[in-house]
Every structure is written in C-alpha cells, then in structure tokens.
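Undergrad: query.txt (compact mmCIF, C-alpha atoms) pasted underneath:
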# COMPACT_ATOMS: atom_id res chain seq x y z
CA MET A 1 24.87 25.76 73.39
CA ILE A 2 21.96 26.70 75.63
CA GLU A 3 19.68 29.30 74.07
CA ARG A 4 16.80 29.96 76.49
CA ILE A 5 14.34 28.42 78.91
CA GLU A 6 12.18 26.15 76.75
CA HIS A 7 9.59 25.11 79.33
CA VAL A 8 8.80 24.37 82.94
CA GLY A 9 7.55 20.81 83.50
CA ILE A 10 4.80 20.37 86.10
CA ALA A 11 3.70 16.91 87.26
CA VAL A 12 -0.09 16.65 87.53
CA ARG A 13 -2.53 13.84 88.22
CA SER A 14 -4.91 15.10 85.52
CA ILE A 15 -4.27 17.43 82.60
CA ALA A 16 -8.02 18.01 82.30
CA GLU A 17 -8.13 19.39 85.85
CA ALA A 18 -4.79 21.21 85.86
CA ARG A 19 -5.37 23.08 82.60
CA GLN A 20 -8.39 24.87 84.07
CA LEU A 21 -6.15 27.14 86.14
CA TYR A 22 -4.04 28.19 83.15
CA GLU A 23 -7.10 28.71 80.94
CA ALA A 24 -8.65 30.88 83.68
CA MET A 25 -5.53 33.07 83.38
CA GLY A 26 -6.05 33.48 79.63
CA LEU A 27 -3.55 30.83 78.48
CA HIS A 28 -4.52 27.90 76.26
CA VAL A 29 -3.33 24.36 75.65
CA GLU A 30 -1.58 24.35 72.29
CA ALA A 31 -1.16 20.58 71.99
CA VAL A 32 -1.55 17.35 73.92
CA GLU A 33 0.73 14.45 73.06
CA GLU A 34 1.28 11.01 74.49
CA VAL A 35 4.87 9.80 74.80
CA PRO A 36 4.35 6.03 75.26
CA HIS A 37 7.98 5.07 75.97
CA GLU A 38 7.99 7.59 78.86
CA GLY A 39 4.52 6.62 80.15
CA VAL A 40 3.35 10.22 80.05
CA ARG A 41 0.80 12.50 78.40
CA VAL A 42 2.08 16.04 77.83
CA ALA A 43 0.08 19.27 77.41
CA LEU A 44 1.97 22.31 76.08
CA ILE A 45 0.79 25.75 77.11
CA PRO A 46 2.53 28.69 75.40
CA CYS A 47 3.58 31.43 77.80
CA GLY A 48 5.60 34.22 76.20
CA GLU A 49 8.63 32.74 74.46
CA SER A 50 8.44 29.68 76.67
CA HIS A 51 5.94 26.96 77.59
CA ILE A 52 4.38 25.36 80.60
CA GLU A 53 4.39 21.58 80.19
CA LEU A 54 1.79 19.62 82.16
CA LEU A 55 2.89 16.00 82.69
CA GLU A 56 0.26 13.35 83.42
CA PRO A 57 1.31 9.72 83.94
CA THR A 58 -0.24 7.08 81.70
CA THR A 59 1.26 4.10 83.55
CA ASP A 60 1.70 3.39 87.25
CA ASP A 61 5.43 2.77 86.88
CA SER A 62 6.35 5.84 84.82
CA PRO A 63 8.82 8.39 86.19
CA ILE A 64 5.99 10.94 86.54
CA ALA A 65 3.78 8.46 88.44
CA LYS A 66 6.68 7.74 90.81
CA PHE A 67 7.32 11.46 91.24
CA LEU A 68 3.64 12.08 92.09
CA GLU A 69 3.60 9.17 94.53
CA LYS A 70 6.70 10.43 96.34
CA ARG A 71 6.25 14.23 96.16
CA GLY A 72 2.73 14.98 94.93
CA PRO A 73 1.87 17.40 92.13
CA GLY A 74 4.29 20.22 91.44
CA LEU A 75 7.38 21.44 89.68
CA HIS A 76 9.12 18.48 88.04
CA HIS A 77 11.85 19.98 85.85
CA LEU A 78 13.24 23.01 84.09
CA CYS A 79 13.95 22.56 80.38
CA LEU A 80 16.65 24.51 78.55
CA ALA A 81 16.60 24.80 74.76
CA SER A 82 19.83 23.58 73.16
CA ASP A 83 21.03 24.06 69.61
CA ASP A 84 23.07 20.83 69.89
CA VAL A 85 22.04 18.52 72.73
CA ARG A 86 24.70 15.92 71.87
CA ALA A 87 27.49 18.50 72.20
CA ASP A 88 26.00 19.82 75.46
CA ASP A 89 25.74 16.22 76.73
CA ALA A 90 29.43 15.61 75.89
CA ARG A 91 30.52 18.87 77.59
CA LEU A 92 28.58 18.00 80.76
CA ARG A 93 30.02 14.48 80.90
CA ALA A 94 33.54 15.83 80.35
CA GLY A 95 32.94 18.28 83.20
CA GLY A 96 31.98 15.47 85.56
CA PHE A 97 28.27 16.29 85.71
CA GLN A 98 25.82 13.41 86.07
CA VAL A 99 23.35 12.93 83.21
CA LEU A 100 20.52 10.42 83.44
CA ARG A 101 20.62 8.70 80.05
CA PRO A 102 23.47 6.96 78.25
CA GLU A 103 22.79 9.30 75.31
CA PRO A 104 20.10 11.78 74.23
CA THR A 105 16.76 10.20 73.29
CA ARG A 106 13.59 11.37 71.55
CA GLY A 107 11.05 13.18 73.71
CA ALA A 108 7.78 15.02 73.17
CA GLY A 109 7.47 16.73 69.81
CA GLY A 110 10.31 14.61 68.42
CA CYS A 111 12.91 16.70 70.29
CA TRP A 112 16.26 15.22 71.28
CA VAL A 113 16.47 15.33 75.08
CA GLN A 114 18.90 14.62 77.91
CA PHE A 115 18.39 15.09 81.64
CA VAL A 116 20.91 16.37 84.19
CA HIS A 117 20.59 14.76 87.62
CA PRO A 118 19.50 17.14 90.40
CA ARG A 119 22.70 16.27 92.31
CA SER A 120 24.65 18.00 89.54
CA ALA A 121 22.23 20.89 89.15
CA GLY A 122 21.64 22.39 92.57
CA GLY A 123 18.68 20.14 93.37
CA VAL A 124 16.83 20.85 90.11
CA LEU A 125 16.14 18.23 87.44
CA LEU A 126 17.29 19.88 84.20
CA GLU A 127 16.19 18.79 80.76
CA LEU A 128 18.15 19.81 77.67
CA SER A 129 16.02 19.79 74.54
CA GLU A 130 16.92 20.24 70.88
CA SER A 131 14.06 20.89 68.48
CA PRO A 132 13.84 18.53 65.51
CA HIS A 133 13.06 21.56 63.35
CA PRO A 134 15.62 24.26 62.59
CA PRO A 135 14.58 27.63 64.00
CA THR A 136 12.70 29.90 61.64
CA PRO A 137 14.62 33.13 61.13
CA SER A 138 12.81 36.25 62.22
CA PRO A 139 11.68 38.43 59.34
CA ALA A 140 13.78 41.51 58.72
CA PRO A 141 12.21 44.64 60.16
CA SER A 142 10.36 46.62 57.53
CA LEU A 143 11.70 50.05 56.70
CA PRO A 144 9.55 53.02 55.79
CA PRO A 145 9.24 53.49 52.03
CA SER A 146 11.70 55.81 50.31
CA PRO A 147 10.22 59.06 49.03
CA GLY A 148 8.18 58.26 45.95
CA GLU A 149 8.44 54.50 46.54
CA GLY A 150 5.15 52.70 46.61
CA GLU A 151 3.33 55.46 44.71
CA ARG A 152 1.56 54.28 41.62
CA ASP A 153 2.59 55.79 38.31
CA SER A 154 -0.54 57.36 36.92
CA GLY A 155 1.12 58.28 33.68
CA VAL A 156 0.76 61.94 34.56
CA PRO A 157 4.06 63.82 34.81
CA ARG A 158 4.84 64.93 38.34
CA ALA A 159 5.55 68.50 39.18
CA SER A 160 9.08 69.02 40.37
Can you dump the structure from the file as structure tokens?

TA:
Amino acid sequence: MIERIEHVGIAVRSIAEARQLYEAMGLHVEAVEEVPHEGVRVALIPCGESHIELLEPTTDDSPIAKFLEKRGPGLHHLCLASDDVRADDARLRAGGFQVLRPEPTRGAGGCWVQFVHPRSAGGVLLELSESPHPPTPSPAPSLPPSPGEGERDSGVPRAS
C-alpha cells in the first residue's frame, strides 16, 4: 500500500553544482550514494517528511545520462513510499499497468524499487520504494504528570 510521497527525483549534470541552490534555501545534503548498477550518484536532501533526490549520471549510457541528453536537467520521477512493493507491483500488473522491471530490484539505500511507465501514469515516471528498514514507531505523546507524581519524597509528612 502506498503511504506517502517519498521523494522527487531531479536529473542533474552535477550534484556539486545543483546542491548549491538547495543549500542557499537552508536545506542540506543528508547523504550521497553511488548506485553502480544504475550508473548514478544520488544525493538525498531532506525536505519536511519527504526528500529531494538529485541524480547525477556516472556513466554515459545510464538512464539518467540518456534522460539528460534527451530532455536536459529537470524533474525525472516522483517516488511513492510503499509498505510492500512486491504486492503493489502485482496489483499494478493485474490492473494492466506497465511497469519497467520484471520484478522489484534494489535501489539507493537498499530500498526495493519498481518503476511505473509514464504511459500508465499520466506522463509521469513513478517509482515505488519500500524501505529495507521497518518504520520506527512514533513515541507516545507525553501526558502531564498526575497531581503529586514526580515530586520527590522528602520524608516530611505532607499537609492534607
């Protein structure tokens, strides 16, 4: 099931140059990772509960290099966080939607990923991504202490 927008992927010729804009806006690069089997270097920039993903080609024949050659720098894909990318992949196939890979594969950060062809997604390349780490539950909200709770016992009887 789809949970949220995970990131927006932006194809760039140079992460070093592209990151300057985001850093000027007060954002910061959290991590840079090379994904050799995709021929890409990825920079993750946290932005609220989502990320901006800068994609720089590392080979001339990578999908990102081809994208840049054909279209120039810009929006490459929209990534949706999935809690079960294999189940989402199966549902899409059963619904007649075109996915790009025979099955989900490992992507940046060790995530399981699958792509939905733009022909099946209103002209947008969609990525489905499942984190390799289970989500960390949010801590329970703290409640104000009950009357008398949290006070140290001084050994002196309290007046009633």

Undergrad: If we count all atoms listed in the file, what is near Val85 (chain A) at a cut-off of 9 Å, once residues fewer than 5 positions away on the same chain are taken out, given as a PyMOL selection string?

TA: chain A and resi 1-2+90+104+112-114+128-130

Undergrad: What gap, in Å, lies between CA of Thr105 (chain A) and CA of Tyr22 (chain A)?

TA: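 It comes out at 29.2 Å.
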
Undergrad: Compile the contact shell of region 24-29 of chain A as a list in words: residues with an atom at most 9 Å away, counting all atoms listed in the file, same-chain residues fewer than 2 positions apart removed.

TA: Arg19, Gln20, Leu21, Tyr22, Ala31, Val32, Ala43, Leu44, Ile45, Pro46 and Cys47 of chain A

Undergrad: CA of Pro63 (chain A) and CA of His117 (chain A), how far apart in Å?

TA: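 We find that CA of His117 (chain A) and CA of Pro63 (chain A) lie 13.5 Å from each other.
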
Undergrad: If you measure from CA of Leu100 (chain A) to CA of Glu49 (chain A), what distance in Å do you get, rounded to one decimal?

TA: 26.8 Å

Undergrad: When distances are computed from only C-alpha atoms, which of A:Lys70, A:Arg41, A:Arg13, A:His133 shows the smallest separation from Ala108 (chain A)?

TA: A:Arg41

Undergrad: Rebuild region 2-32 of chain A so that it carries N, CA and C atoms, then output the result as a PDB file, keeping the file's coordinate frame.

TA:
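Saved file out24.pdb follows:
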ATOM      1  N   ILE A   2      23.279  26.421  75.073  1.00  0.00           N
ATOM      2  CA  ILE A   2      21.960  26.700  75.630  1.00  0.00           C
ATOM      3  C   ILE A   2      21.481  28.058  75.128  1.00  0.00           C
ATOM      4  N   GLU A   3      20.230  28.096  74.688  1.00  0.00           N
ATOM      5  CA  GLU A   3      19.680  29.300  74.070  1.00  0.00           C
ATOM      6  C   GLU A   3      18.686  30.049  74.953  1.00  0.00           C
ATOM      7  N   ARG A   4      17.850  29.314  75.707  1.00  0.00           N
ATOM      8  CA  ARG A   4      16.800  29.960  76.490  1.00  0.00           C
ATOM      9  C   ARG A   4      16.104  28.915  77.354  1.00  0.00           C
ATOM     10  N   ILE A   5      15.206  29.358  78.197  1.00  0.00           N
ATOM     11  CA  ILE A   5      14.340  28.420  78.910  1.00  0.00           C
ATOM     12  C   ILE A   5      13.262  27.988  77.935  1.00  0.00           C
ATOM     13  N   GLU A   6      13.155  26.688  77.693  1.00  0.00           N
ATOM     14  CA  GLU A   6      12.180  26.150  76.750  1.00  0.00           C
ATOM     15  C   GLU A   6      10.826  25.968  77.441  1.00  0.00           C
ATOM     16  N   HIS A   7      10.841  25.291  78.587  1.00  0.00           N
ATOM     17  CA  HIS A   7       9.590  25.110  79.330  1.00  0.00           C
ATOM     18  C   HIS A   7       9.860  24.753  80.781  1.00  0.00           C
ATOM     19  N   VAL A   8       8.809  24.830  81.563  1.00  0.00           N
ATOM     20  CA  VAL A   8       8.800  24.370  82.940  1.00  0.00           C
ATOM     21  C   VAL A   8       7.856  23.175  82.972  1.00  0.00           C
ATOM     22  N   GLY A   9       8.357  22.024  83.438  1.00  0.00           N
ATOM     23  CA  GLY A   9       7.550  20.810  83.500  1.00  0.00           C
ATOM     24  C   GLY A   9       6.885  20.678  84.865  1.00  0.00           C
ATOM     25  N   ILE A  10       5.573  20.485  84.864  1.00  0.00           N
ATOM     26  CA  ILE A  10       4.800  20.370  86.100  1.00  0.00           C
ATOM     27  C   ILE A  10       4.080  19.025  86.103  1.00  0.00           C
ATOM     28  N   ALA A  11       4.353  18.210  87.120  1.00  0.00           N
ATOM     29  CA  ALA A  11       3.700  16.910  87.260  1.00  0.00           C
ATOM     30  C   ALA A  11       2.288  17.115  87.807  1.00  0.00           C
ATOM     31  N   VAL A  12       1.315  16.532  87.127  1.00  0.00           N
ATOM     32  CA  VAL A  12      -0.090  16.650  87.530  1.00  0.00           C
ATOM     33  C   VAL A  12      -0.749  15.268  87.489  1.00  0.00           C
ATOM     34  N   ARG A  13      -1.780  15.101  88.265  1.00  0.00           N
ATOM     35  CA  ARG A  13      -2.530  13.840  88.220  1.00  0.00           C
ATOM     36  C   ARG A  13      -3.477  13.815  87.017  1.00  0.00           C
ATOM     37  N   SER A  14      -3.949  15.002  86.622  1.00  0.00           N
ATOM     38  CA  SER A  14      -4.910  15.100  85.520  1.00  0.00           C
ATOM     39  C   SER A  14      -4.691  16.387  84.740  1.00  0.00           C
ATOM     40  N   ILE A  15      -4.405  16.252  83.466  1.00  0.00           N
ATOM     41  CA  ILE A  15      -4.270  17.430  82.600  1.00  0.00           C
ATOM     42  C   ILE A  15      -5.609  18.154  82.525  1.00  0.00           C
ATOM     43  N   ALA A  16      -6.689  17.402  82.422  1.00  0.00           N
ATOM     44  CA  ALA A  16      -8.020  18.010  82.300  1.00  0.00           C
ATOM     45  C   ALA A  16      -8.310  18.942  83.483  1.00  0.00           C
ATOM     46  N   GLU A  17      -7.916  18.546  84.677  1.00  0.00           N
ATOM     47  CA  GLU A  17      -8.130  19.390  85.850  1.00  0.00           C
ATOM     48  C   GLU A  17      -7.113  20.530  85.919  1.00  0.00           C
ATOM     49  N   ALA A  18      -5.851  20.218  85.703  1.00  0.00           N
ATOM     50  CA  ALA A  18      -4.790  21.210  85.860  1.00  0.00           C
ATOM     51  C   ALA A  18      -4.895  22.344  84.840  1.00  0.00           C
ATOM     52  N   ARG A  19      -5.323  22.052  83.639  1.00  0.00           N
ATOM     53  CA  ARG A  19      -5.370  23.080  82.600  1.00  0.00           C
ATOM     54  C   ARG A  19      -6.368  24.185  82.904  1.00  0.00           C
ATOM     55  N   GLN A  20      -7.355  23.879  83.740  1.00  0.00           N
ATOM     56  CA  GLN A  20      -8.390  24.870  84.070  1.00  0.00           C
ATOM     57  C   GLN A  20      -7.788  26.140  84.676  1.00  0.00           C
ATOM     58  N   LEU A  21      -6.800  25.981  85.537  1.00  0.00           N
ATOM     59  CA  LEU A  21      -6.150  27.140  86.140  1.00  0.00           C
ATOM     60  C   LEU A  21      -5.510  28.028  85.077  1.00  0.00           C
ATOM     61  N   TYR A  22      -4.752  27.430  84.164  1.00  0.00           N
ATOM     62  CA  TYR A  22      -4.040  28.190  83.150  1.00  0.00           C
ATOM     63  C   TYR A  22      -5.006  28.847  82.162  1.00  0.00           C
ATOM     64  N   GLU A  23      -6.088  28.138  81.837  1.00  0.00           N
ATOM     65  CA  GLU A  23      -7.100  28.710  80.940  1.00  0.00           C
ATOM     66  C   GLU A  23      -7.829  29.862  81.622  1.00  0.00           C
ATOM     67  N   ALA A  24      -8.022  29.774  82.941  1.00  0.00           N
ATOM     68  CA  ALA A  24      -8.650  30.880  83.680  1.00  0.00           C
ATOM     69  C   ALA A  24      -7.774  32.125  83.662  1.00  0.00           C
ATOM     70  N   MET A  25      -6.463  31.941  83.456  1.00  0.00           N
ATOM     71  CA  MET A  25      -5.530  33.070  83.380  1.00  0.00           C
ATOM     72  C   MET A  25      -5.333  33.553  81.943  1.00  0.00           C
ATOM     73  N   GLY A  26      -6.119  33.023  81.018  1.00  0.00           N
ATOM     74  CA  GLY A  26      -6.050  33.480  79.630  1.00  0.00           C
ATOM     75  C   GLY A  26      -5.073  32.713  78.757  1.00  0.00           C
ATOM     76  N   LEU A  27      -4.449  31.665  79.290  1.00  0.00           N
ATOM     77  CA  LEU A  27      -3.550  30.830  78.480  1.00  0.00           C
ATOM     78  C   LEU A  27      -4.373  29.703  77.862  1.00  0.00           C
ATOM     79  N   HIS A  28      -3.793  29.007  76.900  1.00  0.00           N
ATOM     80  CA  HIS A  28      -4.520  27.900  76.260  1.00  0.00           C
ATOM     81  C   HIS A  28      -3.564  26.743  75.983  1.00  0.00           C
ATOM     82  N   VAL A  29      -4.121  25.552  75.986  1.00  0.00           N
ATOM     83  CA  VAL A  29      -3.330  24.360  75.650  1.00  0.00           C
ATOM     84  C   VAL A  29      -3.162  24.337  74.145  1.00  0.00           C
ATOM     85  N   GLU A  30      -1.919  24.343  73.716  1.00  0.00           N
ATOM     86  CA  GLU A  30      -1.580  24.350  72.290  1.00  0.00           C
ATOM     87  C   GLU A  30      -1.642  22.947  71.702  1.00  0.00           C
ATOM     88  N   ALA A  31      -1.204  21.959  72.483  1.00  0.00           N
ATOM     89  CA  ALA A  31      -1.160  20.580  71.990  1.00  0.00           C
ATOM     90  C   ALA A  31      -1.116  19.619  73.171  1.00  0.00           C
ATOM     91  N   VAL A  32      -1.666  18.442  72.960  1.00  0.00           N
ATOM     92  CA  VAL A  32      -1.550  17.350  73.920  1.00  0.00           C
ATOM     93  C   VAL A  32      -0.981  16.166  73.163  1.00  0.00           C
TER      94      VAL A  32
END
